[in-house]
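So this one's final19.txt, compact mmCIF, C-alpha atoms:
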# COMPACT_ATOMS: atom_id res chain seq x y z
CA MET P 290 -52.21 49.55 -2.95
CA SER P 291 -50.58 48.31 -6.10
CA ARG P 292 -49.98 51.88 -7.20
CA ARG P 293 -48.16 52.62 -4.01
CA LEU P 294 -45.95 49.57 -4.42
CA SER P 295 -44.95 50.53 -7.95
CA LEU P 296 -43.77 53.89 -6.62
CA ALA P 297 -41.35 52.28 -4.21
CA PRO P 298 -38.54 51.56 -6.70
CA ALA P 299 -38.78 55.10 -8.03
CA LEU P 300 -38.34 56.44 -4.52
CA LEU P 301 -35.54 54.03 -3.76
CA ALA P 302 -33.49 54.88 -6.81
CA PRO P 303 -32.19 58.28 -5.65
CA VAL P 304 -31.52 56.94 -2.19
CA ALA P 305 -29.56 54.03 -3.64
CA ALA P 306 -27.64 56.35 -5.94
CA LEU P 307 -26.64 58.53 -3.00
CA ALA P 308 -25.64 55.55 -0.90
CA LEU P 309 -23.62 53.97 -3.70
CA GLY P 310 -22.05 57.30 -4.56
CA GLY P 311 -20.55 57.21 -1.11
CA CYS P 312 -19.03 53.82 -1.92
CA GLY P 313 -16.80 55.27 -4.61
CA LEU P 314 -18.94 54.16 -7.55
CA ASN P 315 -17.79 57.26 -9.42
CA SER P 316 -14.69 58.35 -7.60
CA ILE P 317 -12.83 55.05 -8.04
CA PRO P 318 -12.99 54.97 -11.86
CA THR P 319 -12.27 58.70 -11.93
CA ALA P 320 -9.11 58.24 -9.89
CA GLU P 321 -8.09 55.24 -11.97
CA GLU P 322 -8.53 57.09 -15.26
CA ASN P 323 -6.60 60.01 -13.85
CA ALA P 324 -3.67 57.75 -12.95
CA LYS P 325 -3.80 56.14 -16.41
CA ALA P 326 -3.71 59.55 -18.07
CA LYS P 327 -0.71 60.49 -15.93
CA TRP P 328 1.00 57.30 -17.03
CA ALA P 329 0.42 58.25 -20.65
CA ASP P 330 2.27 61.49 -19.90
CA VAL P 331 5.19 59.52 -18.48
CA GLN P 332 5.40 57.38 -21.60
CA ASN P 333 5.08 60.40 -23.88
CA GLU P 334 8.03 62.08 -22.21
CA TYR P 335 10.16 58.96 -22.52
CA GLN P 336 9.16 58.74 -26.16
CA ARG P 337 10.13 62.35 -26.63
CA ARG P 338 13.55 61.54 -25.25
CA ALA P 339 13.89 58.51 -27.53
CA ASP P 340 12.99 60.70 -30.52
CA LEU P 341 15.85 63.07 -29.75
CA ILE P 342 18.49 60.38 -29.65
CA PRO P 343 19.08 59.56 -33.36
CA ASN P 344 19.71 63.23 -34.08
CA LEU P 345 22.00 63.51 -31.07
CA VAL P 346 23.98 60.41 -32.05
CA ASN P 347 24.42 61.73 -35.59
CA THR P 348 25.62 65.11 -34.37
CA VAL P 349 28.14 63.57 -31.99
CA LYS P 350 29.31 61.19 -34.75
CA GLY P 351 30.26 64.15 -36.90
CA TYR P 352 32.82 65.28 -34.31
CA ALA P 353 33.74 62.13 -32.40
CA LYS P 354 33.70 59.13 -34.72
CA GLN P 355 36.21 57.26 -32.57
CA GLU P 356 33.73 57.03 -29.70
CA SER P 357 31.84 54.31 -31.55
CA THR P 358 31.39 52.03 -28.50
CA VAL P 359 29.58 54.73 -26.60
CA LEU P 360 27.50 55.67 -29.63
CA VAL P 361 26.54 52.08 -30.34
CA GLY P 362 25.71 51.61 -26.66
CA VAL P 363 23.24 54.51 -26.80
CA THR P 364 21.62 53.27 -29.99
CA GLU P 365 21.22 49.76 -28.59
CA ALA P 366 19.86 50.98 -25.26
CA ARG P 367 17.39 53.15 -27.15
CA ALA P 368 16.21 50.23 -29.28
CA LYS P 369 15.70 48.13 -26.19
CA ALA P 370 13.93 50.88 -24.26
CA THR P 371 11.50 51.70 -27.06
CA SER P 372 10.63 48.02 -27.50
CA ILE P 373 9.11 47.90 -24.01
CA GLN P 374 5.76 49.62 -23.69
CA VAL P 375 3.51 49.50 -20.66
CA SER P 376 -0.16 49.76 -21.51
CA ALA P 377 -2.61 51.29 -19.05
CA ASP P 378 -3.89 47.83 -18.14
CA ASP P 379 -0.41 46.69 -17.08
CA LEU P 380 -0.14 49.31 -14.36
CA LYS P 381 -1.12 46.82 -11.68
CA ASP P 382 1.70 44.48 -12.69
CA PRO P 383 4.92 45.39 -10.85
CA SER P 384 7.18 43.30 -13.13
CA LYS P 385 6.11 45.14 -16.30
CA LEU P 386 6.81 48.51 -14.73
CA GLN P 387 10.14 47.28 -13.43
CA GLN P 388 11.19 46.06 -16.89
CA PHE P 389 10.22 49.39 -18.39
CA GLY P 390 12.06 51.28 -15.67
CA GLN P 391 15.18 49.16 -16.07
CA ALA P 392 15.33 49.60 -19.85
CA GLN P 393 14.85 53.36 -19.53
CA GLY P 394 17.41 53.46 -16.72
CA GLN P 395 19.97 51.74 -18.95
CA LEU P 396 19.26 54.30 -21.66
CA SER P 397 19.77 57.09 -19.11
CA ALA P 398 23.12 55.57 -18.13
CA ALA P 399 24.21 55.22 -21.78
CA LEU P 400 23.21 58.83 -22.45
CA GLY P 401 25.16 59.91 -19.38
CA ARG P 402 28.26 58.21 -20.76
CA LEU P 403 27.74 59.86 -24.14
CA LEU P 404 27.38 63.32 -22.63
CA SER P 405 30.46 62.88 -20.44
CA VAL P 406 32.47 61.81 -23.50
CA THR P 407 31.43 64.96 -25.35
CA GLU P 408 33.28 66.99 -22.72
CA ASN P 409 36.50 66.12 -24.58
CA TYR P 410 35.37 67.74 -27.83
CA PRO P 411 35.29 71.54 -27.53
CA ASP P 412 34.20 71.97 -31.16
CA LEU P 413 31.22 69.72 -30.59
CA LYS P 414 30.34 71.51 -27.37
CA SER P 415 30.08 74.84 -29.16
CA ASN P 416 28.13 73.41 -32.11
CA ALA P 417 24.75 75.13 -32.25
CA ASN P 418 22.91 71.96 -33.17
CA PHE P 419 24.49 70.06 -30.31
CA LEU P 420 23.70 72.82 -27.82
CA ALA P 421 20.08 72.80 -28.93
CA LEU P 422 19.86 69.02 -28.62
CA GLN P 423 21.52 69.09 -25.23
CA SER P 424 19.04 71.62 -23.88
CA GLN P 425 16.15 69.61 -25.30
CA LEU P 426 17.51 66.51 -23.63
CA GLU P 427 17.87 68.32 -20.31
CA GLY P 428 14.35 69.69 -20.59
CA THR P 429 12.96 66.27 -21.42
CA GLU P 430 14.75 64.61 -18.51
CA ASN P 431 13.21 67.24 -16.29
CA ARG P 432 9.75 66.64 -17.74
CA ILE P 433 10.20 62.91 -17.19
CA THR P 434 10.89 63.57 -13.52
CA ILE P 435 7.78 65.74 -13.25
CA ALA P 436 5.56 63.29 -15.14
CA ARG P 437 6.80 60.43 -12.98
CA ARG P 438 6.11 62.37 -9.80
CA ASP P 439 2.62 63.34 -10.95
CA TYR P 440 1.89 59.74 -11.91
CA ASN P 441 3.07 58.44 -8.53
CA ALA P 442 0.95 61.02 -6.74
CA SER P 443 -2.14 59.99 -8.70
CA VAL P 444 -1.45 56.31 -7.99
CA GLN P 445 -1.11 57.05 -4.32
CA GLN P 446 -4.41 58.88 -4.42
CA TYR P 447 -6.10 55.95 -6.15
CA ASN P 448 -4.59 53.37 -3.80
CA THR P 449 -5.63 55.35 -0.75
CA LEU P 450 -9.12 55.72 -2.16
CA ILE P 451 -9.69 51.99 -2.72
CA ARG P 452 -8.28 51.08 0.68
CA THR P 453 -10.13 53.52 2.89
CA PHE P 454 -13.68 53.39 4.18
CA PRO P 455 -16.29 53.71 2.74
CA ASN P 456 -14.87 53.51 -0.79
CA SER P 457 -13.14 50.25 0.02
CA ILE P 458 -16.56 48.56 0.02
CA GLY P 459 -17.39 49.76 -3.48
CA ALA P 460 -13.85 48.95 -4.61
CA LYS P 461 -14.25 45.32 -3.50
CA VAL P 462 -17.87 44.72 -4.41
CA PHE P 463 -18.17 46.46 -7.78
CA TYR P 464 -14.69 46.74 -9.20
CA GLY P 465 -12.52 44.17 -7.46
CA ALA P 466 -10.05 47.04 -7.56
CA LYS P 467 -6.38 46.20 -7.09
CA PRO P 468 -3.75 48.75 -6.10
CA MET P 469 -1.72 50.34 -8.90
CA GLN P 470 2.07 50.39 -8.93
CA THR P 471 4.16 53.50 -8.51
CA PHE P 472 7.05 54.00 -10.88
CA GLN P 473 10.54 54.48 -9.48
CA ALA P 474 13.61 55.61 -11.35
CA THR P 475 16.16 52.81 -11.43
CA ALA P 476 19.21 54.61 -12.77
CA PRO P 477 21.47 55.92 -10.02
CA ASN P 478 21.47 59.52 -11.26
CA ALA P 479 18.09 59.60 -12.97
CA GLN P 480 16.70 61.85 -10.24
CA SER P 481 19.10 64.70 -10.85
CA ALA P 482 18.34 66.41 -14.12
CA PRO P 483 21.20 68.71 -15.08
CA THR P 484 20.82 72.41 -14.30
CA VAL P 485 22.57 75.56 -15.39
CA ASN P 486 25.10 77.19 -13.13
CA PHE P 487 26.38 80.69 -13.34
CA MET S 7 5.41 81.95 9.08
CA SER S 8 7.03 81.89 12.49
CA SER S 9 6.29 85.53 13.07
CA THR S 10 2.60 84.68 13.22
CA TYR S 11 3.22 82.77 16.40
CA ALA S 12 5.41 85.32 18.16
CA PHE S 13 3.65 86.74 21.21
CA PRO S 14 3.25 90.49 21.43
CA PRO S 15 4.99 92.12 24.42
CA PRO S 16 1.86 93.06 26.48
CA PHE S 17 1.01 89.41 26.93
CA TRP S 18 4.38 88.71 28.48
CA GLY S 19 3.87 91.70 30.77
CA ARG S 20 0.61 90.34 32.04
CA ALA S 21 2.00 86.85 32.43
CA ARG S 22 4.81 88.15 34.58
CA GLU S 23 2.33 89.93 36.84
CA ARG S 24 0.33 86.80 37.21
CA ARG S 25 3.39 84.79 38.01
CA LEU S 26 3.89 87.05 41.02
CA SER S 27 0.49 86.10 42.39
CA PRO S 28 0.71 83.35 45.01
CA GLY S 29 -0.10 79.67 45.05
CA ALA S 30 -1.08 77.07 42.49
CA ARG S 31 -2.06 79.54 39.78
CA ARG S 32 1.57 80.24 39.09
CA GLY S 33 2.18 76.61 38.24
CA THR S 34 -0.95 76.34 36.15
CA VAL S 35 -0.06 79.33 34.06
CA ARG S 36 3.44 78.04 33.48
CA THR S 37 2.22 74.58 32.55
CA LEU S 38 -0.32 76.09 30.20
CA LEU S 39 2.33 78.26 28.59
CA ILE S 40 4.67 75.31 28.11
CA ALA S 41 1.84 73.22 26.67
CA LEU S 42 0.90 76.07 24.36
CA ALA S 43 4.49 76.52 23.22
CA LEU S 44 4.81 72.79 22.50
CA PHE S 45 1.53 72.78 20.62
CA LEU S 46 2.49 75.78 18.53
CA GLY S 47 5.85 74.18 17.88
CA LEU S 48 4.05 71.18 16.43
CA LEU S 49 1.96 73.46 14.24
CA ALA S 50 4.95 75.43 13.05
CA LEU S 51 7.05 72.42 12.03
CA PRO S 52 5.13 71.27 8.93
CA ALA S 53 4.42 74.86 7.96
CA ALA S 54 8.16 75.51 7.74
CA ALA S 55 8.70 72.65 5.26
CA GLN S 56 8.35 74.78 2.12
CA THR S 57 7.20 78.34 1.92
CA PHE S 58 6.76 80.47 -1.16
CA PRO S 59 6.84 84.23 -1.48
CA LYS S 60 3.45 85.83 -2.07
CA PHE S 61 2.30 86.49 -5.64
CA THR S 62 1.90 90.21 -5.14
CA ASN S 63 2.83 91.40 -8.63
CA PHE S 64 4.43 90.16 -11.84
CA VAL S 65 7.81 90.85 -10.29
CA VAL S 66 8.34 89.40 -6.83
CA ASP S 67 11.74 90.47 -5.57
CA GLN S 68 12.08 88.43 -2.39
CA ALA S 69 15.89 88.46 -2.53
CA ASP S 70 15.72 92.27 -2.84
CA ILE S 71 18.21 92.66 -5.67
CA LEU S 72 16.23 94.88 -8.05
CA PRO S 73 16.24 98.67 -7.70
CA PRO S 74 12.66 100.07 -7.56
CA ALA S 75 12.96 101.78 -10.95
CA ALA S 76 13.98 98.55 -12.68
CA GLU S 77 11.25 96.64 -10.90
CA ALA S 78 8.64 99.17 -12.02
CA ARG S 79 9.90 99.02 -15.60
CA LEU S 80 9.73 95.20 -15.58
CA ASN S 81 6.25 95.22 -14.06
CA ALA S 82 5.06 97.58 -16.77
CA GLY S 83 6.44 95.33 -19.50
CA LEU S 84 4.87 92.21 -17.98
CA ALA S 85 1.49 93.89 -17.50
CA ASP S 86 1.67 94.99 -21.12
CA LEU S 87 2.34 91.40 -22.17
CA GLN S 88 -0.70 90.14 -20.33
CA ARG S 89 -2.88 92.87 -21.79
CA LYS S 90 -1.80 92.11 -25.37
CA THR S 91 -1.34 88.33 -25.42
CA ARG S 92 -3.00 87.26 -22.14
CA HIS S 93 0.08 85.18 -21.32
CA GLN S 94 1.61 85.63 -17.90
CA LEU S 95 5.29 86.00 -17.21
CA ALA S 96 6.32 86.16 -13.57
CA ILE S 97 9.81 87.18 -12.49
CA VAL S 98 10.89 85.97 -9.08
CA THR S 99 14.01 86.35 -7.02
CA VAL S 100 14.12 84.13 -3.95
CA SER S 101 16.31 84.51 -0.90
CA SER S 102 16.68 80.73 -0.63
CA LEU S 103 15.65 77.58 -2.50
CA GLN S 104 15.17 75.90 0.89
CA GLY S 105 17.24 72.90 -0.15
CA TYR S 106 15.20 72.10 -3.25
CA SER S 107 16.70 71.89 -6.72
CA ILE S 108 15.91 74.95 -8.79
CA ASN S 109 13.85 72.89 -11.26
CA ASP S 110 11.76 71.46 -8.48
CA TYR S 111 11.35 74.74 -6.62
CA THR S 112 10.36 76.71 -9.72
CA LEU S 113 7.79 74.16 -10.83
CA ARG S 114 6.22 73.95 -7.39
CA LEU S 115 6.11 77.73 -7.15
CA ALA S 116 4.55 78.05 -10.62
CA ARG S 117 1.90 75.50 -9.73
CA PHE S 118 1.30 77.01 -6.31
CA TRP S 119 0.77 80.45 -7.79
CA GLY S 120 -1.11 79.18 -10.80
CA VAL S 121 0.81 81.33 -13.27
CA GLY S 122 -0.93 81.55 -16.64
CA ARG S 123 -4.47 80.64 -17.61
CA ARG S 124 -5.50 77.21 -16.41
CA HIS S 125 -6.84 75.84 -19.68
CA TYR S 126 -4.03 77.18 -21.81
CA ASP S 127 -1.23 76.55 -19.32
CA ASP S 128 0.46 79.65 -20.73
CA GLY S 129 2.47 80.86 -17.76
CA VAL S 130 6.21 81.44 -17.68
CA VAL S 131 8.33 81.91 -14.57
CA LEU S 132 11.82 83.36 -14.62
CA LEU S 133 13.32 82.50 -11.26
CA VAL S 134 16.65 83.72 -9.92
CA ALA S 135 18.23 82.37 -6.75
CA PRO S 136 21.23 84.64 -6.10
CA LYS S 137 22.31 82.75 -2.99
CA GLU S 138 22.50 79.40 -4.79
CA HIS S 139 23.71 81.02 -8.04
CA LYS S 140 20.95 79.42 -10.05
CA VAL S 141 18.55 80.66 -12.70
CA ARG S 142 15.67 78.92 -14.45
CA ILE S 143 12.95 79.62 -16.99
CA GLU S 144 9.92 77.42 -16.39
CA VAL S 145 7.48 77.30 -19.31
CA GLY S 146 3.89 76.08 -19.17
CA TYR S 147 2.95 73.33 -21.63
CA GLY S 148 0.86 75.73 -23.67
CA LEU S 149 3.88 77.87 -24.56
CA GLU S 150 6.44 75.16 -25.13
CA ALA S 151 6.23 75.55 -28.89
CA THR S 152 6.95 79.27 -28.55
CA LEU S 153 9.58 79.10 -25.84
CA THR S 154 11.33 75.86 -26.64
CA ASP S 155 14.07 74.36 -24.47
CA PRO S 156 16.87 75.44 -26.85
CA ARG S 157 15.48 78.98 -26.95
CA CYS S 158 15.32 79.22 -23.15
CA ALA S 159 18.79 77.71 -22.83
CA GLU S 160 20.05 80.25 -25.35
CA ILE S 161 18.47 83.13 -23.42
CA ILE S 162 20.05 81.93 -20.17
CA ARG S 163 23.42 81.20 -21.76
CA ASN S 164 23.82 84.31 -23.89
CA ARG S 165 21.67 87.01 -22.28
CA ILE S 166 21.47 86.29 -18.57
CA VAL S 167 24.56 84.42 -17.43
CA PRO S 168 27.18 86.74 -18.99
CA ARG S 169 25.68 89.69 -17.08
CA PHE S 170 25.30 87.68 -13.88
CA GLU S 171 28.98 86.77 -14.13
CA ARG S 172 29.81 90.47 -14.20
CA ASN S 173 27.68 90.75 -11.05
CA ASP S 174 25.04 92.71 -12.93
CA LEU S 175 21.95 90.88 -11.62
CA THR S 176 19.52 93.62 -12.63
CA GLY S 177 20.91 93.80 -16.15
CA GLY S 178 20.75 90.03 -16.53
CA ILE S 179 17.15 89.84 -15.37
CA GLN S 180 16.17 92.73 -17.65
CA ALA S 181 17.92 91.24 -20.67
CA GLY S 182 16.34 87.85 -20.02
CA ALA S 183 12.90 89.36 -19.54
CA ASP S 184 13.25 91.42 -22.72
CA ALA S 185 14.20 88.34 -24.73
CA ILE S 186 11.27 86.32 -23.37
CA LEU S 187 8.87 89.24 -23.90
CA ALA S 188 10.03 89.77 -27.48
CA ARG S 189 9.44 86.10 -28.20
CA LEU S 190 6.00 85.97 -26.56
CA ASN S 191 4.81 89.23 -28.09
CA ALA S 192 5.82 88.08 -31.57
CA ALA S 193 4.17 84.65 -31.35
CA ALA S 194 0.73 83.87 -32.74
CA PRO S 195 -1.96 83.86 -30.03
CA LEU S 196 -2.92 80.47 -28.62
CA GLU S 197 -6.64 81.09 -29.09
CA LYS S 198 -6.33 81.18 -32.87
CA ALA S 199 -4.09 78.14 -32.95
CA ARG S 200 -6.67 76.24 -31.01
CA ALA S 201 -9.67 77.29 -33.11
CA SER S 202 -8.15 76.27 -36.44
Rewrite the structure from the file as structure tokens, please.
Amino acid sequence: MSRRLSLAPALLAPVAALALGGCGLNSIPTAEENAKAKWADVQNEYQRRADLIPNLVNTVKGYAKQESTVLVGVTEARAKATSIQVSADDLKDPSKLQQFGQAQGQLSAALGRLLSVTENYPDLKSNANFLALQSQLEGTENRITIARRDYNASVQQYNTLIRTFPNSIGAKVFYGAKPMQTFQATAPNAQSAPTVNF
Amino acid sequence: MSSTYAFPPPFWGRARERRLSPGARRGTVRTLLIALALFLGLLALPAAAQTFPKFTNFVVDQADILPPAAEARLNAGLADLQRKTRHQLAIVTVSSLQGYSINDYTLRLARFWGVGRRHYDDGVVLLVAPKEHKVRIEVGYGLEATLTDPRCAEIIRNRIVPRFERNDLTGGIQAGADAILARLNAAAPLEKARAS
């Protein structure tokens, strides 16, 4: 009798594992880690853009010293944008993401002004270094758009997962899971990365 | 996509015969046909949102701008690239971007096709949209150190666009493909870079 009783937990364990597996015990953390990894991509791409800026500012300075207001504006916006970092644990806090988005949006706007000013300097526009930097900047803006879209998709997946049956049970009981925030571009023209026309 | 739902002529023939038969059946058939048409319409709507050409070969000339000889030559070069380096370069001409930006369309197409090896992400897509006058080189993450943004921009600016402006689409695509191929063939293989 006692032997039979001691077997019961051993028999229950796989059943419980199966039942809990259906409650999102694994899929919820998986989806959350996926979204966090996608957010790291977003931040990496923004960092990549920030890393290009000092070189760009110096190159433009060589041809267009008189545009100091625009140049200073870019440098300041860059300093402000790089000072705001959003860690993976802050992704459920809408205000942190908004601050980050606003700072990056201001940097996008400052960069836009800088690039429109360069139109007046034909020598600069044909400078090999400037052309290289410009294409890197375009590519990075495009990668930012992609990274942001991938992040938002993964957040949507996670949020759907924790809100739908039966995973919603596991989400409440085991993880107290809260929805993550999507990340929207705040600059007016941040969506449209420049393309090449022929 | 829509052609899948077009009815072949014999069906219409039979339906017309039936419609001649008397009584309630006529109405039933018509109602059924209308219901079917509505249902298929619902099915067809989301399917029409974004469609991609089929990945039939390294060169997919949907816009039909490449002469067969040039297409064969390109295909041979791209097959050779895959044999030697295992990277994939796909060259696509599309008849329409379907309202998407070229960046967006090319990326979605590259992901939809799965160009390049999954774990190396070493696919490259050269996409030309003659209708929209756009061209793009989309590079997988694994090859970004080989085909950097400035290098791709340089290829588009100096090799492709000048020929396109002279209305030489074939020449532009060939020159662009040759430049990309030269670069990829000369680069160190990814496998070695990863092992060290």
Near segment 369-375 of chain P, within 9 Å and counting only C-alpha atoms, which residues show up once chain neighbours fewer than 4 positions away are dropped, as a compact mmCIF listing (two decimals) with C-alpha atoms, in the coordinates of the input?
# COMPACT_ATOMS: atom_id res chain seq x y z
CA TRP P 328 1.00 57.30 -17.03
CA GLN P 332 5.40 57.38 -21.60
CA TYR P 335 10.16 58.96 -22.52
CA GLN P 336 9.16 58.74 -26.16
CA ALA P 339 13.89 58.51 -27.53
CA THR P 364 21.62 53.27 -29.99
CA GLU P 365 21.22 49.76 -28.59
CA ASP P 379 -0.41 46.69 -17.08
CA LEU P 380 -0.14 49.31 -14.36
CA LYS P 385 6.11 45.14 -16.30
CA LEU P 386 6.81 48.51 -14.73
CA GLN P 388 11.19 46.06 -16.89
CA PHE P 389 10.22 49.39 -18.39
CA GLY P 390 12.06 51.28 -15.67
CA GLN P 391 15.18 49.16 -16.07
CA ALA P 392 15.33 49.60 -19.85
CA GLN P 393 14.85 53.36 -19.53
CA GLY P 394 17.41 53.46 -16.72
CA GLN P 395 19.97 51.74 -18.95
CA LEU P 396 19.26 54.30 -21.66
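Here atom CA of Asn173 of chain S is placed at a distance of 18.0 Å from atom CA of Pro74 of chain S.
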Among listed residues P:Val363, P:Ala417, P:Ala326, P:Ile435, nearest Arg117 of chain S (using only C-alpha atoms): P:Ile435
Ref. answer, residues at most 8 Å from (6.9, 81.3, -19.0) with all atoms listed in the file, as a PyMOL selection string: chain S and resi 94-96+128-132+143-146+149+153+186
Contact residues (chain S, partner chain P, 12 Å, only C-alpha atoms) as number ranges by chain: S: 106-114, 117, 134-147, 150, 153-173, 175, 178
Those same residues, written as a PDB file, in the frame of the given file with C-alpha atoms?
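What follows is the written file result-v9.pdb:
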ATOM      1  CA  TYR S 106      15.200  72.100  -3.250  1.00  0.00           C
ATOM      2  CA  SER S 107      16.700  71.890  -6.720  1.00  0.00           C
ATOM      3  CA  ILE S 108      15.910  74.950  -8.790  1.00  0.00           C
ATOM      4  CA  ASN S 109      13.850  72.890 -11.260  1.00  0.00           C
ATOM      5  CA  ASP S 110      11.760  71.460  -8.480  1.00  0.00           C
ATOM      6  CA  TYR S 111      11.350  74.740  -6.620  1.00  0.00           C
ATOM      7  CA  THR S 112      10.360  76.710  -9.720  1.00  0.00           C
ATOM      8  CA  LEU S 113       7.790  74.160 -10.830  1.00  0.00           C
ATOM      9  CA  ARG S 114       6.220  73.950  -7.390  1.00  0.00           C
ATOM     10  CA  ARG S 117       1.900  75.500  -9.730  1.00  0.00           C
ATOM     11  CA  VAL S 134      16.650  83.720  -9.920  1.00  0.00           C
ATOM     12  CA  ALA S 135      18.230  82.370  -6.750  1.00  0.00           C
ATOM     13  CA  PRO S 136      21.230  84.640  -6.100  1.00  0.00           C
ATOM     14  CA  LYS S 137      22.310  82.750  -2.990  1.00  0.00           C
ATOM     15  CA  GLU S 138      22.500  79.400  -4.790  1.00  0.00           C
ATOM     16  CA  HIS S 139      23.710  81.020  -8.040  1.00  0.00           C
ATOM     17  CA  LYS S 140      20.950  79.420 -10.050  1.00  0.00           C
ATOM     18  CA  VAL S 141      18.550  80.660 -12.700  1.00  0.00           C
ATOM     19  CA  ARG S 142      15.670  78.920 -14.450  1.00  0.00           C
ATOM     20  CA  ILE S 143      12.950  79.620 -16.990  1.00  0.00           C
ATOM     21  CA  GLU S 144       9.920  77.420 -16.390  1.00  0.00           C
ATOM     22  CA  VAL S 145       7.480  77.300 -19.310  1.00  0.00           C
ATOM     23  CA  GLY S 146       3.890  76.080 -19.170  1.00  0.00           C
ATOM     24  CA  TYR S 147       2.950  73.330 -21.630  1.00  0.00           C
ATOM     25  CA  GLU S 150       6.440  75.160 -25.130  1.00  0.00           C
ATOM     26  CA  LEU S 153       9.580  79.100 -25.840  1.00  0.00           C
ATOM     27  CA  THR S 154      11.330  75.860 -26.640  1.00  0.00           C
ATOM     28  CA  ASP S 155      14.070  74.360 -24.470  1.00  0.00           C
ATOM     29  CA  PRO S 156      16.870  75.440 -26.850  1.00  0.00           C
ATOM     30  CA  ARG S 157      15.480  78.980 -26.950  1.00  0.00           C
ATOM     31  CA  CYS S 158      15.320  79.220 -23.150  1.00  0.00           C
ATOM     32  CA  ALA S 159      18.790  77.710 -22.830  1.00  0.00           C
ATOM     33  CA  GLU S 160      20.050  80.250 -25.350  1.00  0.00           C
ATOM     34  CA  ILE S 161      18.470  83.130 -23.420  1.00  0.00           C
ATOM     35  CA  ILE S 162      20.050  81.930 -20.170  1.00  0.00           C
ATOM     36  CA  ARG S 163      23.420  81.200 -21.760  1.00  0.00           C
ATOM     37  CA  ASN S 164      23.820  84.310 -23.890  1.00  0.00           C
ATOM     38  CA  ARG S 165      21.670  87.010 -22.280  1.00  0.00           C
ATOM     39  CA  ILE S 166      21.470  86.290 -18.570  1.00  0.00           C
ATOM     40  CA  VAL S 167      24.560  84.420 -17.430  1.00  0.00           C
ATOM     41  CA  PRO S 168      27.180  86.740 -18.990  1.00  0.00           C
ATOM     42  CA  ARG S 169      25.680  89.690 -17.080  1.00  0.00           C
ATOM     43  CA  PHE S 170      25.300  87.680 -13.880  1.00  0.00           C
ATOM     44  CA  GLU S 171      28.980  86.770 -14.130  1.00  0.00           C
ATOM     45  CA  ARG S 172      29.810  90.470 -14.200  1.00  0.00           C
ATOM     46  CA  ASN S 173      27.680  90.750 -11.050  1.00  0.00           C
ATOM     47  CA  LEU S 175      21.950  90.880 -11.620  1.00  0.00           C
ATOM     48  CA  GLY S 178      20.750  90.030 -16.530  1.00  0.00           C
TER      49      GLY S 178
END
Long-range neighbours of Phe64 of chain S as a list in words, 12 Å cut-off, only C-alpha atoms, 5 positions minimum in chain: Glu77, Ala78, Arg79, Leu80, Asn81, Ala82, Gly83, Leu84, Ala85, Asp86, Leu87, Gln88, His93, Gln94, Leu95, Ala96, Ile97, Val98, Thr99, Trp119, Val121, Gly122, Gly129, Val130, Val131, Leu132, Leu133 and Ala183 of chain S
Restricting the output to C-alpha atoms, write the selected residues as a PDB file, in the frame of the given file.
ATOM      1  CA  GLU S  77      11.250  96.640 -10.900  1.00  0.00           C
ATOM      2  CA  ALA S  78       8.640  99.170 -12.020  1.00  0.00           C
ATOM      3  CA  ARG S  79       9.900  99.020 -15.600  1.00  0.00           C
ATOM      4  CA  LEU S  80       9.730  95.200 -15.580  1.00  0.00           C
ATOM      5  CA  ASN S  81       6.250  95.220 -14.060  1.00  0.00           C
ATOM      6  CA  ALA S  82       5.060  97.580 -16.770  1.00  0.00           C
ATOM      7  CA  GLY S  83       6.440  95.330 -19.500  1.00  0.00           C
ATOM      8  CA  LEU S  84       4.870  92.210 -17.980  1.00  0.00           C
ATOM      9  CA  ALA S  85       1.490  93.890 -17.500  1.00  0.00           C
ATOM     10  CA  ASP S  86       1.670  94.990 -21.120  1.00  0.00           C
ATOM     11  CA  LEU S  87       2.340  91.400 -22.170  1.00  0.00           C
ATOM     12  CA  GLN S  88      -0.700  90.140 -20.330  1.00  0.00           C
ATOM     13  CA  HIS S  93       0.080  85.180 -21.320  1.00  0.00           C
ATOM     14  CA  GLN S  94       1.610  85.630 -17.900  1.00  0.00           C
ATOM     15  CA  LEU S  95       5.290  86.000 -17.210  1.00  0.00           C
ATOM     16  CA  ALA S  96       6.320  86.160 -13.570  1.00  0.00           C
ATOM     17  CA  ILE S  97       9.810  87.180 -12.490  1.00  0.00           C
ATOM     18  CA  VAL S  98      10.890  85.970  -9.080  1.00  0.00           C
ATOM     19  CA  THR S  99      14.010  86.350  -7.020  1.00  0.00           C
ATOM     20  CA  TRP S 119       0.770  80.450  -7.790  1.00  0.00           C
ATOM     21  CA  VAL S 121       0.810  81.330 -13.270  1.00  0.00           C
ATOM     22  CA  GLY S 122      -0.930  81.550 -16.640  1.00  0.00           C
ATOM     23  CA  GLY S 129       2.470  80.860 -17.760  1.00  0.00           C
ATOM     24  CA  VAL S 130       6.210  81.440 -17.680  1.00  0.00           C
ATOM     25  CA  VAL S 131       8.330  81.910 -14.570  1.00  0.00           C
ATOM     26  CA  LEU S 132      11.820  83.360 -14.620  1.00  0.00           C
ATOM     27  CA  LEU S 133      13.320  82.500 -11.260  1.00  0.00           C
ATOM     28  CA  ALA S 183      12.900  89.360 -19.540  1.00  0.00           C
TER      29      ALA S 183
END
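You will find atom CA of Lys381 of chain P at 4.5 Å from atom CA of Met469 of chain P.
Taking all atoms listed in the file into account, Ile71 of chain S lies nearest to S:Gly177 out of the set S:Gly120, S:Gly177, S:Gly182, S:Pro195.
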